[in-house]
>>> print(open('coords_24.cif').read())   # mmCIF, N, CA and C atoms
data_structure
loop_
_atom_site.label_atom_id
_atom_site.label_comp_id
_atom_site.auth_asym_id
_atom_site.auth_seq_id
_atom_site.Cartn_x
_atom_site.Cartn_y
_atom_site.Cartn_z
N MET J 1 43.68 28.67 78.83
CA MET J 1 44.66 27.60 78.83
C MET J 1 45.95 28.03 79.53
N ALA J 2 46.31 29.28 79.38
CA ALA J 2 47.52 29.77 80.02
C ALA J 2 47.42 29.64 81.53
N ASN J 3 46.21 29.80 82.06
CA ASN J 3 46.00 29.68 83.49
C ASN J 3 46.35 28.27 83.97
N PHE J 4 45.93 27.26 83.22
CA PHE J 4 46.25 25.87 83.56
C PHE J 4 47.76 25.64 83.52
N GLU J 5 48.40 26.14 82.47
CA GLU J 5 49.85 25.96 82.33
C GLU J 5 50.60 26.70 83.44
N ASP J 6 50.14 27.89 83.79
CA ASP J 6 50.77 28.63 84.90
C ASP J 6 50.64 27.84 86.21
N LYS J 7 49.46 27.32 86.46
CA LYS J 7 49.21 26.53 87.67
C LYS J 7 50.09 25.28 87.66
N LEU J 8 50.19 24.63 86.51
CA LEU J 8 51.02 23.43 86.39
C LEU J 8 52.48 23.76 86.67
N ASP J 9 52.96 24.85 86.11
CA ASP J 9 54.35 25.28 86.36
C ASP J 9 54.58 25.57 87.84
N GLU J 10 53.60 26.21 88.48
CA GLU J 10 53.70 26.48 89.92
C GLU J 10 53.75 25.18 90.71
N ASP J 11 52.89 24.23 90.35
CA ASP J 11 52.87 22.93 91.03
C ASP J 11 54.21 22.22 90.86
N ILE J 12 54.74 22.24 89.65
CA ILE J 12 56.03 21.59 89.39
C ILE J 12 57.12 22.22 90.26
N ALA J 13 57.17 23.54 90.29
CA ALA J 13 58.19 24.23 91.09
C ALA J 13 58.05 23.88 92.57
N ARG J 14 56.81 23.90 93.07
CA ARG J 14 56.56 23.58 94.48
C ARG J 14 56.96 22.14 94.80
N LEU J 15 56.58 21.21 93.93
CA LEU J 15 56.89 19.80 94.16
C LEU J 15 58.39 19.52 94.02
N GLU J 16 59.05 20.22 93.09
CA GLU J 16 60.49 20.05 92.95
C GLU J 16 61.22 20.53 94.20
N GLU J 17 60.72 21.61 94.78
CA GLU J 17 61.31 22.12 96.02
C GLU J 17 61.12 21.11 97.15
N MET J 18 59.91 20.55 97.25
CA MET J 18 59.64 19.54 98.27
C MET J 18 60.53 18.31 98.04
N TYR J 19 60.70 17.94 96.79
CA TYR J 19 61.52 16.78 96.42
C TYR J 19 62.96 17.00 96.88
N ALA J 20 63.51 18.18 96.58
CA ALA J 20 64.90 18.50 96.96
C ALA J 20 65.05 18.50 98.47
N THR J 21 64.07 19.10 99.17
CA THR J 21 64.12 19.17 100.64
C THR J 21 64.06 17.77 101.23
N GLN J 22 63.12 16.97 100.73
CA GLN J 22 62.96 15.63 101.27
C GLN J 22 64.18 14.76 100.96
N SER J 23 64.75 14.95 99.80
CA SER J 23 65.95 14.20 99.42
C SER J 23 67.10 14.53 100.36
N ALA J 24 67.26 15.80 100.69
CA ALA J 24 68.34 16.22 101.59
C ALA J 24 68.08 15.73 103.01
N ASP J 25 66.83 15.85 103.46
CA ASP J 25 66.48 15.48 104.84
C ASP J 25 66.47 13.97 105.07
N MET J 26 66.15 13.21 104.04
CA MET J 26 65.98 11.77 104.22
C MET J 26 67.08 10.97 103.51
N GLY J 27 68.19 11.60 103.23
CA GLY J 27 69.31 10.89 102.64
C GLY J 27 69.03 10.32 101.26
N GLY J 28 68.29 11.06 100.46
CA GLY J 28 68.01 10.63 99.09
C GLY J 28 66.73 9.84 98.93
N ARG J 29 66.10 9.45 100.04
CA ARG J 29 64.85 8.70 99.94
C ARG J 29 63.67 9.68 99.84
N ILE J 30 62.83 9.43 98.87
CA ILE J 30 61.67 10.29 98.63
C ILE J 30 60.41 9.46 98.80
N GLU J 31 59.39 10.05 99.43
CA GLU J 31 58.12 9.35 99.61
C GLU J 31 57.47 9.09 98.25
N VAL J 32 56.83 7.93 98.15
CA VAL J 32 56.23 7.49 96.89
C VAL J 32 55.22 8.51 96.37
N HIS J 33 54.37 9.02 97.24
CA HIS J 33 53.33 9.95 96.77
C HIS J 33 53.95 11.22 96.16
N LEU J 34 55.07 11.66 96.69
CA LEU J 34 55.73 12.85 96.14
C LEU J 34 56.30 12.55 94.76
N VAL J 35 56.92 11.39 94.60
CA VAL J 35 57.46 10.99 93.30
C VAL J 35 56.33 10.92 92.27
N LEU J 36 55.23 10.27 92.65
CA LEU J 36 54.10 10.14 91.72
C LEU J 36 53.48 11.49 91.39
N ASN J 37 53.31 12.37 92.39
CA ASN J 37 52.73 13.68 92.13
C ASN J 37 53.60 14.52 91.21
N LEU J 38 54.90 14.54 91.48
CA LEU J 38 55.81 15.32 90.63
C LEU J 38 55.86 14.73 89.23
N ALA J 39 55.98 13.42 89.12
CA ALA J 39 56.02 12.77 87.80
C ALA J 39 54.73 13.05 87.03
N HIS J 40 53.59 13.01 87.73
CA HIS J 40 52.30 13.29 87.08
C HIS J 40 52.29 14.69 86.47
N ARG J 41 52.74 15.69 87.24
CA ARG J 41 52.75 17.07 86.75
C ARG J 41 53.73 17.21 85.58
N LEU J 42 54.89 16.59 85.70
CA LEU J 42 55.89 16.68 84.62
C LEU J 42 55.36 16.04 83.33
N ILE J 43 54.71 14.91 83.45
CA ILE J 43 54.17 14.22 82.26
C ILE J 43 53.01 15.01 81.66
N ALA J 44 52.25 15.72 82.50
CA ALA J 44 51.13 16.52 82.00
C ALA J 44 51.58 17.82 81.33
N SER J 45 52.81 18.21 81.57
CA SER J 45 53.33 19.46 81.02
C SER J 45 53.40 19.42 79.49
N ARG J 46 53.24 20.56 78.86
CA ARG J 46 53.38 20.65 77.40
C ARG J 46 54.84 20.60 76.98
N ASP J 47 55.73 20.83 77.92
CA ASP J 47 57.16 20.83 77.64
C ASP J 47 57.66 19.39 77.54
N THR J 48 58.20 19.03 76.39
CA THR J 48 58.68 17.67 76.16
C THR J 48 59.76 17.28 77.16
N GLU J 49 60.64 18.22 77.48
CA GLU J 49 61.70 17.93 78.45
C GLU J 49 61.13 17.58 79.82
N ASP J 50 60.05 18.25 80.21
CA ASP J 50 59.39 17.90 81.47
C ASP J 50 58.84 16.48 81.41
N CYS J 51 58.21 16.15 80.30
CA CYS J 51 57.65 14.81 80.13
C CYS J 51 58.75 13.75 80.22
N ILE J 52 59.86 14.01 79.57
CA ILE J 52 61.00 13.08 79.62
C ILE J 52 61.47 12.93 81.07
N ARG J 53 61.58 14.04 81.78
CA ARG J 53 62.01 13.98 83.18
C ARG J 53 61.04 13.16 84.02
N GLY J 54 59.73 13.33 83.79
CA GLY J 54 58.74 12.58 84.56
C GLY J 54 58.83 11.08 84.32
N VAL J 55 58.97 10.69 83.06
CA VAL J 55 59.09 9.26 82.74
C VAL J 55 60.39 8.71 83.33
N ASP J 56 61.48 9.43 83.12
CA ASP J 56 62.77 8.98 83.66
C ASP J 56 62.72 8.84 85.18
N MET J 57 62.06 9.78 85.84
CA MET J 57 61.96 9.74 87.30
C MET J 57 61.27 8.45 87.74
N LEU J 58 60.19 8.09 87.06
CA LEU J 58 59.47 6.87 87.44
C LEU J 58 60.26 5.62 87.09
N GLU J 59 60.94 5.63 85.96
CA GLU J 59 61.72 4.46 85.56
C GLU J 59 62.90 4.23 86.50
N ARG J 60 63.47 5.30 87.02
CA ARG J 60 64.63 5.20 87.93
C ARG J 60 64.22 4.94 89.37
N SER J 61 63.02 5.29 89.72
CA SER J 61 62.59 5.23 91.11
C SER J 61 62.54 3.79 91.60
N ASP J 62 63.18 3.55 92.73
CA ASP J 62 63.18 2.19 93.28
C ASP J 62 61.96 1.93 94.16
N HIS J 63 61.30 2.95 94.63
CA HIS J 63 60.16 2.73 95.52
C HIS J 63 58.82 3.15 94.93
N ALA J 64 58.82 3.86 93.81
CA ALA J 64 57.55 4.10 93.11
C ALA J 64 57.43 2.91 92.16
N THR J 65 57.12 1.77 92.75
CA THR J 65 57.22 0.51 92.02
C THR J 65 56.47 0.57 90.71
N GLN J 66 57.14 0.02 89.72
CA GLN J 66 56.55 0.01 88.39
C GLN J 66 55.41 -0.99 88.28
N SER J 67 55.10 -1.66 89.37
CA SER J 67 53.97 -2.57 89.34
C SER J 67 52.70 -1.90 89.86
N SER J 68 52.83 -0.70 90.44
CA SER J 68 51.64 -0.03 90.93
C SER J 68 50.85 0.53 89.74
N VAL J 69 49.56 0.49 89.86
CA VAL J 69 48.68 0.92 88.78
C VAL J 69 48.94 2.38 88.42
N SER J 70 49.07 3.25 89.41
CA SER J 70 49.30 4.67 89.14
C SER J 70 50.60 4.88 88.39
N CYS J 71 51.63 4.20 88.83
CA CYS J 71 52.94 4.33 88.20
C CYS J 71 52.90 3.81 86.76
N LEU J 72 52.28 2.64 86.56
CA LEU J 72 52.20 2.07 85.22
C LEU J 72 51.43 2.98 84.27
N TYR J 73 50.34 3.56 84.76
CA TYR J 73 49.56 4.45 83.90
C TYR J 73 50.37 5.68 83.53
N LEU J 74 51.05 6.28 84.50
CA LEU J 74 51.87 7.46 84.19
C LEU J 74 53.00 7.12 83.22
N LEU J 75 53.63 5.96 83.41
CA LEU J 75 54.69 5.53 82.49
C LEU J 75 54.13 5.31 81.08
N ALA J 76 52.96 4.69 80.99
CA ALA J 76 52.33 4.45 79.69
C ALA J 76 51.96 5.77 79.01
N LEU J 77 51.35 6.66 79.77
CA LEU J 77 50.93 7.95 79.22
C LEU J 77 52.13 8.78 78.77
N GLY J 78 53.14 8.86 79.62
CA GLY J 78 54.34 9.62 79.27
C GLY J 78 55.05 9.02 78.06
N SER J 79 55.15 7.71 78.01
CA SER J 79 55.79 7.05 76.87
C SER J 79 55.00 7.31 75.59
N TYR J 80 53.68 7.29 75.69
CA TYR J 80 52.84 7.60 74.52
C TYR J 80 53.07 9.03 74.06
N ARG J 81 53.09 9.97 74.99
CA ARG J 81 53.32 11.37 74.63
C ARG J 81 54.67 11.57 73.96
N LEU J 82 55.66 10.77 74.36
CA LEU J 82 57.00 10.87 73.79
C LEU J 82 57.17 10.01 72.54
N GLN J 83 56.09 9.37 72.11
CA GLN J 83 56.08 8.49 70.94
C GLN J 83 57.00 7.28 71.11
N ARG J 84 57.16 6.85 72.33
CA ARG J 84 57.86 5.59 72.63
C ARG J 84 56.78 4.52 72.70
N LEU J 85 56.23 4.19 71.54
CA LEU J 85 55.02 3.39 71.48
C LEU J 85 55.20 1.97 72.00
N SER J 86 56.36 1.36 71.78
CA SER J 86 56.54 -0.01 72.28
C SER J 86 56.57 0.00 73.81
N ASN J 87 57.22 0.99 74.41
CA ASN J 87 57.21 1.11 75.88
C ASN J 87 55.80 1.38 76.38
N ALA J 88 55.10 2.31 75.72
CA ALA J 88 53.74 2.65 76.13
C ALA J 88 52.84 1.41 76.08
N ARG J 89 52.99 0.62 75.03
CA ARG J 89 52.18 -0.60 74.91
C ARG J 89 52.51 -1.59 76.03
N ALA J 90 53.80 -1.76 76.32
CA ALA J 90 54.19 -2.71 77.37
C ALA J 90 53.65 -2.29 78.73
N TYR J 91 53.77 -1.01 79.06
CA TYR J 91 53.25 -0.52 80.34
C TYR J 91 51.73 -0.67 80.40
N THR J 92 51.06 -0.36 79.29
CA THR J 92 49.60 -0.45 79.26
C THR J 92 49.14 -1.89 79.41
N GLU J 93 49.79 -2.81 78.71
CA GLU J 93 49.41 -4.22 78.81
C GLU J 93 49.65 -4.76 80.23
N ASN J 94 50.75 -4.33 80.84
CA ASN J 94 51.05 -4.74 82.21
C ASN J 94 49.96 -4.22 83.16
N LEU J 95 49.56 -2.97 82.97
CA LEU J 95 48.52 -2.38 83.80
C LEU J 95 47.19 -3.11 83.60
N LEU J 96 46.84 -3.39 82.34
CA LEU J 96 45.57 -4.06 82.06
C LEU J 96 45.56 -5.51 82.55
N ALA J 97 46.74 -6.11 82.66
CA ALA J 97 46.81 -7.46 83.24
C ALA J 97 46.42 -7.41 84.71
N GLN J 98 46.75 -6.31 85.38
CA GLN J 98 46.40 -6.14 86.79
C GLN J 98 44.97 -5.65 86.98
N GLU J 99 44.56 -4.72 86.12
CA GLU J 99 43.22 -4.13 86.20
C GLU J 99 42.60 -4.09 84.81
N PRO J 100 41.96 -5.19 84.40
CA PRO J 100 41.43 -5.29 83.02
C PRO J 100 40.38 -4.24 82.66
N ASN J 101 39.73 -3.65 83.64
CA ASN J 101 38.68 -2.68 83.35
C ASN J 101 39.11 -1.24 83.57
N HIS J 102 40.40 -0.98 83.63
CA HIS J 102 40.92 0.37 83.84
C HIS J 102 40.60 1.19 82.58
N THR J 103 39.60 2.04 82.68
CA THR J 103 39.06 2.77 81.54
C THR J 103 40.12 3.61 80.84
N ASP J 104 40.91 4.36 81.59
CA ASP J 104 41.93 5.21 80.97
C ASP J 104 42.96 4.38 80.22
N ALA J 105 43.32 3.22 80.77
CA ALA J 105 44.30 2.36 80.10
C ALA J 105 43.72 1.76 78.83
N ILE J 106 42.43 1.44 78.84
CA ILE J 106 41.78 0.90 77.65
C ILE J 106 41.78 1.96 76.54
N VAL J 107 41.46 3.19 76.89
CA VAL J 107 41.47 4.29 75.92
C VAL J 107 42.90 4.52 75.40
N LEU J 108 43.86 4.50 76.31
CA LEU J 108 45.25 4.71 75.92
C LEU J 108 45.72 3.60 74.99
N ARG J 109 45.34 2.35 75.26
CA ARG J 109 45.73 1.24 74.38
C ARG J 109 45.18 1.48 72.97
N ARG J 110 43.96 1.96 72.87
CA ARG J 110 43.37 2.24 71.56
C ARG J 110 44.16 3.34 70.85
N LEU J 111 44.53 4.38 71.58
CA LEU J 111 45.34 5.46 70.99
C LEU J 111 46.70 4.94 70.52
N ILE J 112 47.31 4.07 71.31
CA ILE J 112 48.60 3.49 70.93
C ILE J 112 48.45 2.66 69.66
N ASP J 113 47.40 1.85 69.61
CA ASP J 113 47.14 1.03 68.42
C ASP J 113 46.96 1.90 67.18
N GLU J 114 46.19 2.98 67.31
CA GLU J 114 45.97 3.88 66.18
C GLU J 114 47.27 4.53 65.74
N SER J 115 48.09 4.95 66.69
CA SER J 115 49.38 5.57 66.35
C SER J 115 50.30 4.58 65.67
N THR J 116 50.29 3.34 66.14
CA THR J 116 51.14 2.31 65.55
C THR J 116 50.70 2.03 64.12
N GLN J 117 49.40 1.93 63.89
CA GLN J 117 48.88 1.71 62.53
C GLN J 117 49.24 2.87 61.62
N ARG J 118 49.08 4.08 62.11
CA ARG J 118 49.39 5.27 61.33
C ARG J 118 50.88 5.32 61.01
N GLU J 119 51.70 4.96 62.00
CA GLU J 119 53.14 4.95 61.81
C GLU J 119 53.53 3.91 60.76
N GLY J 120 52.88 2.74 60.80
CA GLY J 120 53.14 1.69 59.81
C GLY J 120 52.73 2.11 58.42
N PHE J 121 51.58 2.79 58.32
CA PHE J 121 51.09 3.27 57.03
C PHE J 121 52.03 4.33 56.47
N THR J 122 52.48 5.24 57.31
CA THR J 122 53.41 6.29 56.88
C THR J 122 54.72 5.67 56.41
N GLY J 123 55.20 4.66 57.13
CA GLY J 123 56.43 3.98 56.73
C GLY J 123 56.28 3.30 55.38
N ALA J 124 55.14 2.68 55.14
CA ALA J 124 54.90 2.02 53.86
C ALA J 124 54.86 3.03 52.72
N ILE J 125 54.26 4.19 52.96
CA ILE J 125 54.22 5.24 51.94
C ILE J 125 55.63 5.74 51.64
N MET J 126 56.43 5.92 52.68
CA MET J 126 57.80 6.40 52.47
C MET J 126 58.62 5.39 51.68
N VAL J 127 58.51 4.11 52.01
CA VAL J 127 59.26 3.07 51.28
C VAL J 127 58.79 3.03 49.83
N GLY J 128 57.50 3.12 49.62
CA GLY J 128 56.97 3.11 48.25
C GLY J 128 57.45 4.31 47.46
N SER J 129 57.47 5.48 48.09
CA SER J 129 57.92 6.70 47.41
C SER J 129 59.39 6.62 47.06
N ILE J 130 60.20 6.14 47.99
CA ILE J 130 61.64 6.01 47.73
C ILE J 130 61.88 5.01 46.62
N SER J 131 61.13 3.91 46.62
CA SER J 131 61.28 2.91 45.57
C SER J 131 60.92 3.50 44.21
N ALA J 132 59.86 4.29 44.16
CA ALA J 132 59.45 4.91 42.89
C ALA J 132 60.51 5.89 42.40
N ILE J 133 61.07 6.67 43.30
CA ILE J 133 62.11 7.63 42.92
C ILE J 133 63.34 6.90 42.41
N LEU J 134 63.75 5.84 43.11
CA LEU J 134 64.92 5.07 42.67
C LEU J 134 64.68 4.42 41.32
N ALA J 135 63.48 3.90 41.12
CA ALA J 135 63.14 3.28 39.83
C ALA J 135 63.19 4.32 38.71
N THR J 136 62.71 5.53 38.98
CA THR J 136 62.74 6.60 37.99
C THR J 136 64.18 6.97 37.65
N PHE J 137 65.03 7.12 38.66
CA PHE J 137 66.43 7.44 38.41
C PHE J 137 67.12 6.32 37.63
N ALA J 138 66.83 5.08 37.97
CA ALA J 138 67.43 3.96 37.26
C ALA J 138 67.00 3.96 35.80
N PHE J 139 65.73 4.21 35.56
CA PHE J 139 65.21 4.26 34.20
C PHE J 139 65.88 5.38 33.41
N LEU J 140 65.94 6.58 34.00
CA LEU J 140 66.57 7.72 33.32
C LEU J 140 68.06 7.47 33.08
N TYR J 141 68.72 6.83 34.02
CA TYR J 141 70.15 6.55 33.88
C TYR J 141 70.39 5.58 32.73
N THR J 142 69.59 4.53 32.67
CA THR J 142 69.78 3.56 31.59
C THR J 142 69.44 4.17 30.23
N ARG J 143 68.47 5.04 30.16
CA ARG J 143 68.13 5.70 28.88
C ARG J 143 69.25 6.65 28.47
N ALA J 144 69.85 7.32 29.45
CA ALA J 144 70.92 8.26 29.13
C ALA J 144 72.16 7.55 28.64
N ARG J 145 72.39 6.34 29.05
CA ARG J 145 73.57 5.57 28.67
C ARG J 145 73.43 4.99 27.27
N LYS J 146 72.23 4.90 26.74
CA LYS J 146 72.01 4.31 25.40
C LYS J 146 72.35 5.25 24.30
#
>>> encode(input="coords_24.cif", output="structure tokens")
Amino acid sequence: MANFEDKLDEDIARLEEMYATQSADMGGRIEVHLVLNLAHRLIASRDTEDCIRGVDMLERSDHATQSSVSCLYLLALGSYRLQRLSNARAYTENLLAQEPNHTDAIVLRRLIDESTQREGFTGAIMVGSISAILATFAFLYTRARK
């Protein structure tokens, strides 16, 4: 696994260098394929900060249009990894509206749905637990006052 991560880090460094060079040479304009390649590597990274950078790069990019299937999938995947589930769902639904049979997007939508259900269940447990604790304190307080 370390080999994959080392290769990914090398790719990120190489692409970031190309990005900086192209930005300087072209007055800030970067070719779409370079933006998508760098964002893809950043989103694939285990480093959360890299993933954030990849998603932000795509969201800010004026020419890596957010209507392209590749861009939408990367935005959905990165948002899912960052637990921005409402954003991930919106990007996935937008992508599936364009390509209803996009297998990766269908799988990602299922993962988002499962995470949302799990998050809702966890929230319900927390509210129930807090309510039980408050009820116990209220009961003990009223008994102590008698």
>>> closest_residue(input="coords_24.cif", among="J:Leu74, J:Leu96, J:Val69, J:Asp9", to="J:His40", atoms="all atoms listed in the file")
J:Leu74
>>> closest_residue(input="coords_24.cif", among="J:Met18, J:Leu95, J:Ile52, J:Leu85", to="J:Leu72", atoms="only C-alpha atoms")
J:Leu95
>>> atom_distance(input="coords_24.cif", atom1="atom CA of J:Glu10", atom2="atom CA of J:Gly78")
20.0 Å
>>> residues_around(input="coords_24.cif", residues="J:Val35", least_positions_apart="4", cutoff="12 Å", atoms="only C-alpha atoms", output="ChimeraX atom specification")
/J:12,15-16,18-20,22-23,29-31,39-43,53-65,70-71,74
>>> closest_residue(input="coords_24.cif", among="J:Phe4, J:Arg14, J:Ala44, J:Glu99", to="J:Leu77", atoms="all atoms listed in the file")
J:Ala44
>>> axis_aligned_box(input="coords_24.cif", around="stretch 72-77 of chain J", padding_each_side="8 Å", output="JSON")
{"center_x": 52.1, "center_y": 5.4, "center_z": 82.7, "size_x": 21.1, "size_y": 22.7, "size_z": 23.8}
>>> atom_distance(input="coords_24.cif", atom1="atom CA of J:Leu34", atom2="atom CA of J:Asn3")
23.2 Å
>>> closest_residue(input="coords_24.cif", among="J:Gly28, J:Ser68, J:Tyr73, J:Asn87", to="J:Thr103", atoms="only C-alpha atoms")
J:Tyr73
>>> atom_distance(input="coords_24.cif", atom1="atom N of J:Glu114", atom2="atom CA of J:Asn37")
27.8 Å
>>> resolve_selection(input="coords_24.cif", expression="the PyMOL selection byres (((chain J and resi 89 and name CA) around 9) and name CA)", output="PyMOL selection string")
chain J and resi 76+79-80+84-88+90-94+108-109+112-113
>>> closest_residue(input="coords_24.cif", among="J:Gln98, J:Ala13, J:Glu5, J:Leu82", to="J:Thr48", atoms="all atoms listed in the file")
J:Leu82
>>> residues_around(input="coords_24.cif", residues="J:Arg46", least_positions_apart="5", cutoff="10 Å", atoms="only C-alpha atoms", output="ChimeraX atom specification")
/J:5,8,51,81
>>> closest_residue(input="coords_24.cif", among="J:Leu38, J:Ser45, J:Thr142, J:Asp104", to="J:Asp11", atoms="only N, CA and C atoms")
J:Leu38
